[in-house]
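Data first, discussion second: the structure below is written as structure tokens.
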Amino acid sequence: MNPASTPGGLDTFEGERPRLTGLAYRITCSLADAEDVVQEVWIRWAARGAATVDNPAGWLTTVTSRLALDRLRAQRRRREVYVGPWLPDPVPTARDVGETAGLSESLTLGFLTMLDSLGPYERVAFLLGDVFGEPYPAIAEILGKSEPACRQLVSRARRKLHSARPGAGTPPPSPASAELLEQLMDSVLAGDADRTLSLLHPDVVLISDAGPARRAARHPVAGAERVRQLLVGTWRLIGFKTRSSPDERPPARLLEVNSSPSLVLDTPEGPIVITGEAARGQITSIWVRLNPDKTAALEDPPPIV
């Protein structure tokens, strides 16, 4: 029997699985790709003699990073023909007492969407160094580059991410609270235009990821009034058509998704996840994930850190 597939080798891998899944997910923003990557890592781990691996966590991180980088390159080609905007897969999260703020923040949609401004190598180097705390010699070995080149990749990534944040004097947005999301839903359902507009930042942007199977805005919608009109005009498309009266609340539940309070609407076509960002009590971004191929993961999510 191969040592890696013995109970000890299996225990080692299973102990690392949530971290490896989290790393692969942050690189690809696809839960399906992340799970495929980790499964391939397990196959390679099981085929290798665990006793010959001096640093199992390092070996597993290296293989996961390289396979996820390959997936990211292939995925970017698939995105070119994707119908409508593309958003990261929704991942249910539960706060762990021992979880660092950095790991939690790096699962938010605000952070993950900013990562799209980075090139593949910048993205992997930044995540390994600044999120997972890997030393530069390890990053250099993983990426097959020199240590100075990896330092430059991370430095360039930091500059790009910094430039994507609000300017000086403007508070950075944070995940919109559950209360704020519920107030928005209630004001729209009640037809209270003034209240709805007061909850939306003047420059709010709404992005819907529906894929080819569901109806949604195929381009980002910007501006408070345009977003309000879209919400009012399309509530029925996201499961509210079953209400018998305007006063009846739709079937919605609160769930922490991507380290953010989110409204989950259970519809016959599949769950819909609404997540937002806010600053100074107003919603600045709204992300609506409707693609059933992505939202199905809410039902049986893998452990992820």
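In the structure tokens, chains take the letters A, B, ... in the order shown, each chain's residues start at 1, and ligands count up from 1 in the order shown.
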
Name the residues of region 133-292 of chain A that fall into strand (DSSP E or B) according to DSSP on the backbone, using the chain letters and numbers of this document, as a PyMOL selection string. chain A and resi 174-175+200-209+221-222+252-257+260-267+270-279+282-289

Taking 6 positions as the minimum chain separation for residues in the same chain, which residues sit within 12 Å of region 32-49 of chain A when counting only C-alpha atoms? Answer as a short mmCIF file (atom, residue, chain, number, x, y, z; two decimals) with N, CA, C and O atoms, in the first residue's frame.
data_model
loop_
_atom_site.label_atom_id
_atom_site.label_comp_id
_atom_site.auth_asym_id
_atom_site.auth_seq_id
_atom_site.Cartn_x
_atom_site.Cartn_y
_atom_site.Cartn_z
N MET A 1 0.85 -1.21 0.00
CA MET A 1 0.00 0.00 0.00
C MET A 1 0.88 1.24 0.00
O MET A 1 1.88 1.31 0.70
N ASN A 2 0.49 2.22 -0.84
CA ASN A 2 1.26 3.45 -0.89
C ASN A 2 1.14 4.21 0.43
O ASN A 2 0.03 4.37 0.95
N PRO A 3 2.26 4.70 0.99
CA PRO A 3 2.21 5.39 2.28
C PRO A 3 1.26 6.58 2.29
O PRO A 3 0.69 6.91 3.32
N ALA A 4 1.11 7.26 1.16
CA ALA A 4 0.25 8.44 1.16
C ALA A 4 -1.22 8.07 1.32
O ALA A 4 -2.02 8.88 1.77
N SER A 5 -1.58 6.84 0.92
CA SER A 5 -2.98 6.45 1.01
C SER A 5 -3.29 5.68 2.30
O SER A 5 -4.40 5.21 2.50
N THR A 6 -2.31 5.54 3.15
CA THR A 6 -2.54 4.93 4.46
C THR A 6 -3.34 5.89 5.31
O THR A 6 -3.47 7.07 4.99
N PRO A 7 -3.91 5.40 6.44
CA PRO A 7 -4.67 6.31 7.30
C PRO A 7 -3.90 7.57 7.67
O PRO A 7 -4.46 8.66 7.70
N GLY A 8 -2.58 7.44 7.95
CA GLY A 8 -1.80 8.62 8.30
C GLY A 8 -1.71 9.60 7.15
O GLY A 8 -1.85 10.80 7.32
N GLY A 9 -1.47 9.07 5.92
CA GLY A 9 -1.39 9.93 4.75
C GLY A 9 -2.72 10.57 4.44
O GLY A 9 -2.80 11.74 4.07
N LEU A 10 -3.80 9.81 4.62
CA LEU A 10 -5.14 10.34 4.39
C LEU A 10 -5.46 11.42 5.43
O LEU A 10 -6.02 12.47 5.10
N ASP A 11 -5.11 11.16 6.69
CA ASP A 11 -5.37 12.14 7.73
C ASP A 11 -4.63 13.44 7.46
O ASP A 11 -5.15 14.53 7.68
N THR A 12 -3.40 13.32 7.00
CA THR A 12 -2.61 14.52 6.67
C THR A 12 -3.31 15.33 5.59
O THR A 12 -3.46 16.56 5.71
N PHE A 13 -3.76 14.64 4.54
CA PHE A 13 -4.42 15.35 3.44
C PHE A 13 -5.73 15.97 3.90
O PHE A 13 -6.02 17.13 3.59
N GLU A 14 -6.55 15.20 4.61
CA GLU A 14 -7.85 15.72 5.05
C GLU A 14 -7.68 16.90 5.99
O GLU A 14 -8.52 17.82 6.00
N GLU A 16 -5.47 19.13 5.70
CA GLU A 16 -5.10 20.28 4.86
C GLU A 16 -6.19 20.65 3.86
O GLU A 16 -6.14 21.73 3.27
N ARG A 17 -7.16 19.77 3.65
CA ARG A 17 -8.13 19.97 2.57
C ARG A 17 -8.86 21.33 2.64
O ARG A 17 -8.95 22.02 1.61
N PRO A 18 -9.40 21.77 3.80
CA PRO A 18 -10.09 23.06 3.82
C PRO A 18 -9.18 24.23 3.39
O PRO A 18 -9.64 25.13 2.68
N ARG A 19 -7.92 24.18 3.82
CA ARG A 19 -7.00 25.25 3.43
C ARG A 19 -6.69 25.19 1.94
O ARG A 19 -6.66 26.23 1.25
N LEU A 20 -6.48 24.00 1.42
CA LEU A 20 -6.19 23.85 -0.01
C LEU A 20 -7.38 24.29 -0.86
O LEU A 20 -7.22 24.94 -1.90
N THR A 21 -8.59 23.92 -0.42
CA THR A 21 -9.80 24.34 -1.14
C THR A 21 -9.92 25.86 -1.12
O THR A 21 -10.27 26.48 -2.13
N GLY A 22 -9.64 26.46 0.04
CA GLY A 22 -9.70 27.91 0.15
C GLY A 22 -8.69 28.59 -0.74
O GLY A 22 -8.99 29.62 -1.37
N LEU A 23 -7.50 28.05 -0.83
CA LEU A 23 -6.47 28.61 -1.70
C LEU A 23 -6.89 28.51 -3.16
O LEU A 23 -6.83 29.50 -3.92
N ALA A 24 -7.32 27.32 -3.58
CA ALA A 24 -7.73 27.12 -4.98
C ALA A 24 -8.94 27.97 -5.32
O ALA A 24 -9.04 28.51 -6.44
N TYR A 25 -9.88 28.13 -4.38
CA TYR A 25 -11.05 28.97 -4.64
C TYR A 25 -10.66 30.42 -4.81
O TYR A 25 -11.16 31.11 -5.72
N ARG A 26 -9.78 30.94 -3.97
CA ARG A 26 -9.37 32.34 -4.10
C ARG A 26 -8.63 32.60 -5.40
O ARG A 26 -8.70 33.69 -5.96
N PRO A 56 4.87 18.08 4.16
CA PRO A 56 3.61 17.77 3.46
C PRO A 56 2.79 19.01 3.14
O PRO A 56 2.26 19.14 2.03
N ALA A 57 2.65 19.94 4.09
CA ALA A 57 1.84 21.15 3.84
C ALA A 57 2.43 21.96 2.70
O ALA A 57 1.70 22.46 1.84
N TRP A 59 4.35 20.80 0.22
CA TRP A 59 4.18 20.04 -1.03
C TRP A 59 2.75 20.21 -1.54
O TRP A 59 2.53 20.46 -2.73
N LEU A 60 1.78 20.07 -0.65
CA LEU A 60 0.38 20.18 -1.05
C LEU A 60 0.05 21.59 -1.52
O LEU A 60 -0.70 21.78 -2.49
N THR A 61 0.62 22.60 -0.87
CA THR A 61 0.40 24.00 -1.29
C THR A 61 0.98 24.24 -2.68
O THR A 61 0.36 24.90 -3.52
N THR A 62 2.17 23.70 -2.92
CA THR A 62 2.81 23.87 -4.23
C THR A 62 1.98 23.28 -5.35
O THR A 62 1.69 23.93 -6.37
N VAL A 63 1.55 22.03 -5.18
CA VAL A 63 0.78 21.36 -6.23
C VAL A 63 -0.57 22.05 -6.43
O VAL A 63 -1.01 22.27 -7.57
N THR A 64 -1.23 22.42 -5.34
CA THR A 64 -2.52 23.11 -5.44
C THR A 64 -2.38 24.43 -6.18
O THR A 64 -3.19 24.75 -7.07
N SER A 65 -1.36 25.20 -5.85
CA SER A 65 -1.17 26.51 -6.48
C SER A 65 -0.91 26.38 -7.97
O SER A 65 -1.47 27.13 -8.78
N ARG A 66 -0.09 25.43 -8.35
CA ARG A 66 0.24 25.26 -9.77
C ARG A 66 -0.98 24.79 -10.57
O ARG A 66 -1.24 25.29 -11.68
N LEU A 67 -1.74 23.84 -10.02
CA LEU A 67 -2.92 23.36 -10.72
C LEU A 67 -3.99 24.45 -10.80
O LEU A 67 -4.67 24.60 -11.83
N ALA A 68 -4.16 25.22 -9.72
CA ALA A 68 -5.15 26.30 -9.74
C ALA A 68 -4.75 27.39 -10.72
O ALA A 68 -5.61 28.00 -11.37
N LEU A 69 -3.45 27.66 -10.84
CA LEU A 69 -2.98 28.64 -11.81
C LEU A 69 -3.33 28.19 -13.23
O LEU A 69 -3.78 29.00 -14.06
N ASP A 70 -3.16 26.91 -13.52
CA ASP A 70 -3.54 26.38 -14.83
C ASP A 70 -5.04 26.54 -15.06
O ASP A 70 -5.48 26.90 -16.16
N ARG A 71 -5.84 26.26 -14.03
CA ARG A 71 -7.29 26.42 -14.14
C ARG A 71 -7.66 27.88 -14.39
O ARG A 71 -8.58 28.18 -15.15
N LEU A 72 -6.97 28.79 -13.71
CA LEU A 72 -7.27 30.21 -13.88
C LEU A 72 -7.04 30.65 -15.32
O LEU A 72 -7.85 31.37 -15.90
N ARG A 73 -5.94 30.20 -15.91
CA ARG A 73 -5.66 30.56 -17.31
C ARG A 73 -6.76 30.03 -18.22
O ARG A 73 -7.26 30.75 -19.10
N ALA A 74 -7.13 28.77 -18.05
CA ALA A 74 -8.18 28.18 -18.89
C ALA A 74 -9.52 28.86 -18.64
O ALA A 74 -10.29 29.09 -19.57
N GLN A 75 -9.78 29.21 -17.39
CA GLN A 75 -11.05 29.84 -17.04
C GLN A 75 -11.19 31.21 -17.68
O GLN A 75 -12.29 31.59 -18.10
N PRO A 88 -17.73 35.63 -8.77
CA PRO A 88 -17.26 34.44 -8.05
C PRO A 88 -18.42 33.58 -7.54
O PRO A 88 -19.49 34.09 -7.21
N ASP A 89 -18.20 32.29 -7.50
CA ASP A 89 -19.21 31.38 -6.95
C ASP A 89 -19.51 31.74 -5.50
O ASP A 89 -18.60 32.09 -4.74
N PRO A 90 -20.77 31.65 -5.08
CA PRO A 90 -21.09 31.90 -3.67
C PRO A 90 -20.60 30.75 -2.79
O PRO A 90 -20.79 29.58 -3.11
N VAL A 91 -19.95 31.11 -1.68
CA VAL A 91 -19.43 30.12 -0.74
C VAL A 91 -19.96 30.43 0.65
O VAL A 91 -19.66 31.49 1.21
N ASP A 293 -25.97 26.87 -11.73
CA ASP A 293 -24.76 26.03 -11.68
C ASP A 293 -23.82 26.48 -10.57
O ASP A 293 -23.02 25.68 -10.07
N LYS A 294 -23.92 27.76 -10.19
CA LYS A 294 -23.06 28.28 -9.13
C LYS A 294 -23.76 28.23 -7.77
O LYS A 294 -23.16 27.83 -6.76
N THR A 295 -25.02 28.63 -7.73
CA THR A 295 -25.71 28.74 -6.43
C THR A 295 -26.07 27.39 -5.85
O THR A 295 -26.38 27.29 -4.67
N ALA A 296 -26.02 26.32 -6.65
CA ALA A 296 -26.32 24.99 -6.13
C ALA A 296 -25.37 24.59 -5.03
O ALA A 296 -25.70 23.76 -4.17
N ALA A 297 -24.16 25.18 -5.01
CA ALA A 297 -23.17 24.83 -4.00
C ALA A 297 -23.58 25.24 -2.59
O ALA A 297 -23.01 24.77 -1.61
N PRO A 301 -21.92 22.69 0.77
CA PRO A 301 -20.63 23.31 0.54
C PRO A 301 -19.48 22.50 1.15
O PRO A 301 -19.66 21.86 2.19
N PRO A 302 -18.32 22.52 0.52
CA PRO A 302 -17.16 21.85 1.12
C PRO A 302 -16.58 22.71 2.23
O PRO A 302 -16.78 23.94 2.25
N PRO A 303 -15.87 22.14 3.17
CA PRO A 303 -15.20 22.97 4.19
C PRO A 303 -14.12 23.81 3.53
O PRO A 303 -13.38 23.34 2.67
N ILE A 304 -14.07 25.07 3.92
CA ILE A 304 -13.15 26.01 3.27
C ILE A 304 -12.67 27.03 4.28
O ILE A 304 -13.45 27.48 5.13
#

Can you tell me, as a ChimeraX atom specification, what residues are no more than 12 Å from region 147-152 of chain A when counting only C-alpha atoms, ignoring any on the same chain fewer than 5 positions away? /A:121-130,134-142,157-159

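One finds CA of Leu87 (chain A) at 18.6 Å from CA of Glu299 (chain A).
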
Val264 (chain A): which residues within 12 Å, counting only C-alpha atoms, same-chain residues fewer than 4 positions away excluded, as a PyMOL selection string? chain A and resi 90+92+178+181-182+185+238-239+250-257+260+270-275+287-290+295-296+298-299

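Here CA of Leu107 (chain A) stands at a distance of 11.9 Å from CA of Thr28 (chain A).
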
DSSP on the backbone: which residues in region 143-191 of chain A end up as alpha helix (DSSP H)? Give the answer as an MDAnalysis selection string. chainID A and resid 143 147:164 178:189

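Shortest atom-to-atom contact with Asp209 (chain A) among A:Gly15, A:Gly84, A:Pro175, A:Gly58: A:Gly84, counting only C-alpha atoms.
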
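Using only C-alpha atoms, the nearest neighbour of Val131 (chain A) within the list A:Ala193, A:Val154, A:Val188, A:Leu200 is A:Val154.
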
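The space between CA of Ser208 (chain A) and CA of Pro85 (chain A) spans 6.5 Å.
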